[in-house]
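Student: Sharing a structure here in structure tokens format.
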Amino acid sequence: MSEYTVRAARAADIRGIRDLLEPYVQRRILLGKDLVVLYEAVQQFVVAEDPAGELIGCGALHVIWEDLGEVRTLIVADEWLHHGVGGEIVTALEANARGLGLTRLFCLTFEVDFFTRRGFTPIGEQIVDPDVYSQLIRSPDEGVAEFLDLAHVKPNTLGNTRMLKHL
């Protein structure tokens, strides 16, 4: 396959990101997001594109707390799997996290081997102290609810593994 590039997402990429996301939402692998939510989060995304400018992957970095971020919405088009695209997206997200002063990255994933190869390790339930938990529980964000392992998101996360990496 030809080379690809990984870059910061632009507003014009959002419909392509939604198109990459939708099959995984239908299979209940990833949480669905309304188009407006994706536009609001465009600055969190990086995308991978092929030489023709078609999106072949994406991923987002969501800040959860002063030292903690989450890798979200990591997707690679089927025909580009096992070509390093996902790893390059994670590398870009880690660089963004470091630039924001984050020291830990969280993910909730079925792709345990992929994230293990990148230095993430499975974790238990409690990775923030009770004071931080009491603040995070106020967030309306579904991803934060997943991070906190709240009961109302369990149907979407059944079987996922919670993983953490120290940067």
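If you're wondering about the labels, chains in the structure tokens are A, B, ... by order shown, residues count from 1 in each chain, ligands from 1 in order shown.
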Report as a list in words all protein, DNA and RNA residues lying within 12 Å of A:Gly101, evaluated on only C-alpha atoms, omitting residues in the same chain fewer than 4 positions from it.
Tutor: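 Counting only C-alpha atoms, the residues come to Val63, Trp65, Glu66, Asp67, Leu68, Gly69, Glu94, Ala95, Asn96, Ala97, Leu105 and Leu167 of chain A.
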Student: Tell me, which residues of stretch 1-144 of chain A carry DSSP alpha helix (DSSP H), written as a VMD selection string?
Tutor: chain A and resid 14 to 26 35 to 40 85 to 99 112 to 117 130 to 136 142 to 144
Student: Now that the selection is made, can you save its residues with N, CA and C atoms as a short mmCIF file (atom, residue, chain, number, x, y, z; two decimals), in the first residue's frame?
Tutor:
```cif
data_model
loop_
_atom_site.label_atom_id
_atom_site.label_comp_id
_atom_site.auth_asym_id
_atom_site.auth_seq_id
_atom_site.Cartn_x
_atom_site.Cartn_y
_atom_site.Cartn_z
N ILE A 14 -14.76 15.90 9.70
CA ILE A 14 -15.70 15.32 10.67
C ILE A 14 -16.67 14.33 10.04
N ARG A 15 -17.20 14.61 8.89
CA ARG A 15 -18.12 13.65 8.26
C ARG A 15 -17.40 12.35 7.91
N GLY A 16 -16.14 12.45 7.51
CA GLY A 16 -15.35 11.25 7.25
C GLY A 16 -15.07 10.46 8.53
N ILE A 17 -14.83 11.17 9.62
CA ILE A 17 -14.65 10.50 10.91
C ILE A 17 -15.93 9.77 11.29
N ARG A 18 -17.06 10.44 11.12
CA ARG A 18 -18.34 9.79 11.42
C ARG A 18 -18.53 8.55 10.55
N ASP A 19 -18.16 8.61 9.30
CA ASP A 19 -18.29 7.45 8.41
C ASP A 19 -17.39 6.29 8.86
N LEU A 20 -16.18 6.60 9.36
CA LEU A 20 -15.32 5.55 9.91
C LEU A 20 -15.92 4.95 11.18
N LEU A 21 -16.54 5.80 11.99
CA LEU A 21 -17.09 5.39 13.29
C LEU A 21 -18.36 4.54 13.18
N GLU A 22 -19.21 4.86 12.24
CA GLU A 22 -20.56 4.29 12.19
C GLU A 22 -20.61 2.75 12.19
N PRO A 23 -19.80 2.04 11.41
CA PRO A 23 -19.87 0.57 11.46
C PRO A 23 -19.57 0.00 12.85
N TYR A 24 -18.69 0.66 13.60
CA TYR A 24 -18.33 0.20 14.94
C TYR A 24 -19.44 0.51 15.94
N VAL A 25 -20.16 1.59 15.70
CA VAL A 25 -21.32 1.91 16.54
C VAL A 25 -22.40 0.86 16.31
N GLN A 26 -22.63 0.51 15.04
CA GLN A 26 -23.65 -0.48 14.71
C GLN A 26 -23.34 -1.83 15.35
N LEU A 35 -23.23 14.18 15.27
CA LEU A 35 -22.36 14.97 14.42
C LEU A 35 -21.92 16.26 15.12
N VAL A 36 -22.82 16.91 15.82
CA VAL A 36 -22.47 18.15 16.51
C VAL A 36 -21.41 17.90 17.58
N VAL A 37 -21.46 16.77 18.25
CA VAL A 37 -20.47 16.43 19.27
C VAL A 37 -19.10 16.22 18.63
N LEU A 38 -19.10 15.59 17.46
CA LEU A 38 -17.83 15.40 16.75
C LEU A 38 -17.24 16.75 16.32
N TYR A 39 -18.08 17.63 15.79
CA TYR A 39 -17.58 18.96 15.42
C TYR A 39 -17.02 19.70 16.64
N GLU A 40 -17.71 19.60 17.76
CA GLU A 40 -17.25 20.27 18.98
C GLU A 40 -15.91 19.73 19.46
N VAL A 85 -0.86 2.12 10.87
CA VAL A 85 -1.69 3.33 10.96
C VAL A 85 -2.14 3.59 12.40
N GLY A 86 -2.67 2.59 13.06
CA GLY A 86 -3.14 2.75 14.43
C GLY A 86 -2.02 3.16 15.37
N GLY A 87 -0.86 2.55 15.21
CA GLY A 87 0.28 2.90 16.04
C GLY A 87 0.72 4.33 15.84
N GLU A 88 0.71 4.80 14.58
CA GLU A 88 1.09 6.19 14.30
C GLU A 88 0.07 7.17 14.89
N ILE A 89 -1.20 6.80 14.86
CA ILE A 89 -2.23 7.66 15.46
C ILE A 89 -2.02 7.74 16.96
N VAL A 90 -1.77 6.61 17.60
CA VAL A 90 -1.53 6.61 19.06
C VAL A 90 -0.28 7.43 19.38
N THR A 91 0.78 7.31 18.59
CA THR A 91 1.99 8.09 18.81
C THR A 91 1.68 9.59 18.75
N ALA A 92 0.88 10.00 17.78
CA ALA A 92 0.50 11.42 17.66
C ALA A 92 -0.33 11.86 18.86
N LEU A 93 -1.24 11.01 19.31
CA LEU A 93 -2.07 11.36 20.47
C LEU A 93 -1.22 11.46 21.74
N GLU A 94 -0.24 10.57 21.88
CA GLU A 94 0.66 10.64 23.03
C GLU A 94 1.47 11.93 23.01
N ALA A 95 1.92 12.36 21.83
CA ALA A 95 2.66 13.62 21.73
C ALA A 95 1.76 14.79 22.12
N ASN A 96 0.51 14.75 21.68
CA ASN A 96 -0.44 15.80 22.06
C ASN A 96 -0.64 15.80 23.57
N ALA A 97 -0.75 14.61 24.16
CA ALA A 97 -0.95 14.50 25.62
C ALA A 97 0.24 15.10 26.37
N ARG A 98 1.44 14.77 25.93
CA ARG A 98 2.63 15.34 26.57
C ARG A 98 2.64 16.87 26.44
N GLY A 99 2.24 17.36 25.27
CA GLY A 99 2.18 18.80 25.05
C GLY A 99 1.20 19.50 25.97
N VAL A 112 -6.66 -5.37 23.37
CA VAL A 112 -5.69 -5.40 24.47
C VAL A 112 -4.27 -5.59 23.94
N ASP A 113 -4.05 -6.50 23.01
CA ASP A 113 -2.70 -6.76 22.50
C ASP A 113 -2.11 -5.51 21.84
N PHE A 114 -2.92 -4.82 21.04
CA PHE A 114 -2.47 -3.60 20.37
C PHE A 114 -1.97 -2.58 21.39
N PHE A 115 -2.77 -2.31 22.42
CA PHE A 115 -2.39 -1.31 23.41
C PHE A 115 -1.26 -1.81 24.31
N THR A 116 -1.20 -3.10 24.59
CA THR A 116 -0.10 -3.65 25.39
C THR A 116 1.23 -3.42 24.68
N ARG A 117 1.25 -3.62 23.37
CA ARG A 117 2.49 -3.39 22.59
C ARG A 117 2.93 -1.94 22.65
N PRO A 130 -10.42 9.63 45.70
CA PRO A 130 -11.84 9.92 45.94
C PRO A 130 -12.24 11.37 45.68
N ASP A 131 -11.36 12.32 45.96
CA ASP A 131 -11.69 13.72 45.69
C ASP A 131 -11.85 13.98 44.19
N VAL A 132 -10.94 13.43 43.39
CA VAL A 132 -11.04 13.59 41.94
C VAL A 132 -12.28 12.87 41.43
N TYR A 133 -12.53 11.66 41.95
CA TYR A 133 -13.73 10.91 41.56
C TYR A 133 -14.98 11.75 41.78
N SER A 134 -15.06 12.42 42.92
CA SER A 134 -16.25 13.20 43.25
C SER A 134 -16.43 14.36 42.27
N GLN A 135 -15.34 14.86 41.69
CA GLN A 135 -15.45 15.90 40.66
C GLN A 135 -15.82 15.30 39.30
N LEU A 136 -15.16 14.19 38.94
CA LEU A 136 -15.40 13.58 37.63
C LEU A 136 -16.83 13.08 37.48
N GLU A 142 -20.10 10.77 28.34
CA GLU A 142 -20.23 9.31 28.41
C GLU A 142 -18.89 8.61 28.57
N GLY A 143 -17.84 9.15 27.95
CA GLY A 143 -16.52 8.55 28.07
C GLY A 143 -15.99 8.64 29.49
N VAL A 144 -16.28 9.73 30.18
CA VAL A 144 -15.88 9.84 31.58
C VAL A 144 -16.67 8.82 32.41
#
```
Student: Which of these, A:Glu70, A:Leu81, A:Thr5, A:Arg10, has the shortest distance to A:Pro51 once you count only C-alpha atoms?
Tutor: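 Closest to A:Pro51 of all the choices is A:Thr5.
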Student: Which neighbours of A:Ile56 fall inside 9 Å, counting only C-alpha atoms, when residues of the same chain fewer than 3 positions from it are skipped, and could you give them as an mmCIF file with N, CA, C and O atoms, in the first residue's frame?
Tutor:
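Written out: result-v2.cif:
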```
data_model
loop_
_atom_site.group_PDB
_atom_site.id
_atom_site.type_symbol
_atom_site.label_atom_id
_atom_site.label_comp_id
_atom_site.auth_asym_id
_atom_site.auth_seq_id
_atom_site.Cartn_x
_atom_site.Cartn_y
_atom_site.Cartn_z
ATOM 1 N N TYR A 4 0.894 6.907 3.961
ATOM 2 C CA TYR A 4 -0.226 7.675 4.514
ATOM 3 C C TYR A 4 0.376 8.761 5.392
ATOM 4 O O TYR A 4 1.562 8.711 5.733
ATOM 5 N N LEU A 20 -16.183 6.603 9.360
ATOM 6 C CA LEU A 20 -15.318 5.555 9.910
ATOM 7 C C LEU A 20 -15.923 4.955 11.181
ATOM 8 O O LEU A 20 -15.833 3.751 11.418
ATOM 9 N N VAL A 47 -6.118 12.484 12.327
ATOM 10 C CA VAL A 47 -6.592 11.588 11.280
ATOM 11 C C VAL A 47 -5.420 11.071 10.479
ATOM 12 O O VAL A 47 -4.352 11.694 10.436
ATOM 13 N N ALA A 48 -5.616 9.926 9.871
ATOM 14 C CA ALA A 48 -4.669 9.377 8.902
ATOM 15 C C ALA A 48 -5.368 9.413 7.557
ATOM 16 O O ALA A 48 -6.557 9.093 7.461
ATOM 17 N N GLU A 49 -4.624 9.839 6.539
ATOM 18 C CA GLU A 49 -5.211 9.880 5.201
ATOM 19 C C GLU A 49 -4.261 9.251 4.198
ATOM 20 O O GLU A 49 -3.045 9.299 4.362
ATOM 21 N N ASP A 50 -4.848 8.662 3.173
ATOM 22 C CA ASP A 50 -4.055 8.059 2.116
ATOM 23 C C ASP A 50 -3.620 9.151 1.135
ATOM 24 O O ASP A 50 -4.025 10.315 1.279
ATOM 25 N N GLY A 53 -6.103 11.550 -0.193
ATOM 26 C CA GLY A 53 -6.811 12.411 0.745
ATOM 27 C C GLY A 53 -7.995 11.756 1.435
ATOM 28 O O GLY A 53 -8.741 12.418 2.163
ATOM 29 N N ILE A 75 -9.787 4.325 15.308
ATOM 30 C CA ILE A 75 -10.345 3.507 14.225
ATOM 31 C C ILE A 75 -9.361 3.488 13.064
ATOM 32 O O ILE A 75 -8.791 4.525 12.719
ATOM 33 N N VAL A 76 -9.194 2.326 12.457
ATOM 34 C CA VAL A 76 -8.428 2.197 11.225
ATOM 35 C C VAL A 76 -9.291 1.421 10.237
ATOM 36 O O VAL A 76 -9.862 0.386 10.586
ATOM 37 N N ALA A 77 -9.391 1.927 9.019
ATOM 38 C CA ALA A 77 -10.156 1.244 7.969
ATOM 39 C C ALA A 77 -9.608 -0.171 7.777
ATOM 40 O O ALA A 77 -8.390 -0.392 7.838
ATOM 41 N N ASP A 78 -10.511 -1.113 7.577
ATOM 42 C CA ASP A 78 -10.128 -2.528 7.495
ATOM 43 C C ASP A 78 -8.965 -2.789 6.542
ATOM 44 O O ASP A 78 -8.050 -3.542 6.863
ATOM 45 N N GLU A 79 -8.989 -2.170 5.382
ATOM 46 C CA GLU A 79 -7.950 -2.443 4.379
ATOM 47 C C GLU A 79 -6.580 -1.867 4.779
ATOM 48 O O GLU A 79 -5.578 -2.187 4.155
ATOM 49 N N TRP A 80 -6.539 -1.050 5.814
ATOM 50 C CA TRP A 80 -5.289 -0.465 6.296
ATOM 51 C C TRP A 80 -4.828 -1.064 7.617
ATOM 52 O O TRP A 80 -3.815 -0.631 8.176
ATOM 53 N N VAL A 85 -0.864 2.124 10.873
ATOM 54 C CA VAL A 85 -1.688 3.333 10.956
ATOM 55 C C VAL A 85 -2.136 3.593 12.398
ATOM 56 O O VAL A 85 -1.983 4.707 12.916
#
```
Student: Find the residues around A:Thr161 up to 8 Å (only C-alpha atoms counted), leave out those fewer than 3 positions away in its own chain, and share them as a ChimeraX atom specification.
Tutor: /A:108-110,112,122
Student: Looking only at the backbone, which of the residues in stretch 8-147 of chain A does DSSP tag as strand (DSSP E or B), as a PyMOL selection string?
Tutor: chain A and resi 8+45-49+55-65+68-76+104-109+121-122
Student: Could you work out how far atom CA of A:Thr121 lies from atom CA of A:Lys165, giving the answer in Å with one decimal?
Tutor: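 Between these atoms lies a distance of 6.4 Å.
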Student: One decimal, in Å: what's the spacing between atom CA of A:Ala41 and atom CA of A:His62?
Tutor: 8.6 Å
Student: Measuring atom to atom with only C-alpha atoms, identify which of A:Glu54, A:Val42, A:His83, A:Leu30 is nearest to A:Glu111.
Tutor: A:Leu30
Student: If we count only C-alpha atoms and set the cut-off at 8 Å, which residues sit around A:Gln44, ignoring sequence neighbours fewer than 4 positions away in its own chain? Please answer as a compact mmCIF listing (two decimals) with all heavy atoms, in the first residue's frame.
Tutor:
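Wrote selection20.txt, looks like this:
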```txt
# COMPACT_ATOMS: atom_id res chain seq x y z
N ALA A 9 -6.86 16.83 12.85
CA ALA A 9 -8.12 16.86 12.11
C ALA A 9 -8.55 18.30 11.87
O ALA A 9 -8.21 19.21 12.63
CB ALA A 9 -9.20 16.11 12.88
N ALA A 60 -8.80 10.16 18.98
CA ALA A 60 -8.97 11.40 19.72
C ALA A 60 -8.32 11.29 21.08
O ALA A 60 -8.22 10.22 21.66
CB ALA A 60 -10.46 11.72 19.87
N LEU A 61 -7.91 12.44 21.59
CA LEU A 61 -7.39 12.57 22.94
C LEU A 61 -8.35 13.45 23.72
O LEU A 61 -8.54 14.62 23.36
CB LEU A 61 -5.99 13.21 22.92
CG LEU A 61 -5.44 13.60 24.30
CD1 LEU A 61 -5.18 12.35 25.14
CD2 LEU A 61 -4.18 14.43 24.14
N HIS A 62 -8.93 12.89 24.76
CA HIS A 62 -9.87 13.63 25.60
C HIS A 62 -9.24 13.82 26.97
O HIS A 62 -8.85 12.85 27.61
CB HIS A 62 -11.18 12.86 25.73
CG HIS A 62 -12.23 13.57 26.51
ND1 HIS A 62 -12.97 14.59 25.96
CD2 HIS A 62 -12.65 13.42 27.78
CE1 HIS A 62 -13.82 15.04 26.89
NE2 HIS A 62 -13.64 14.34 27.99
```
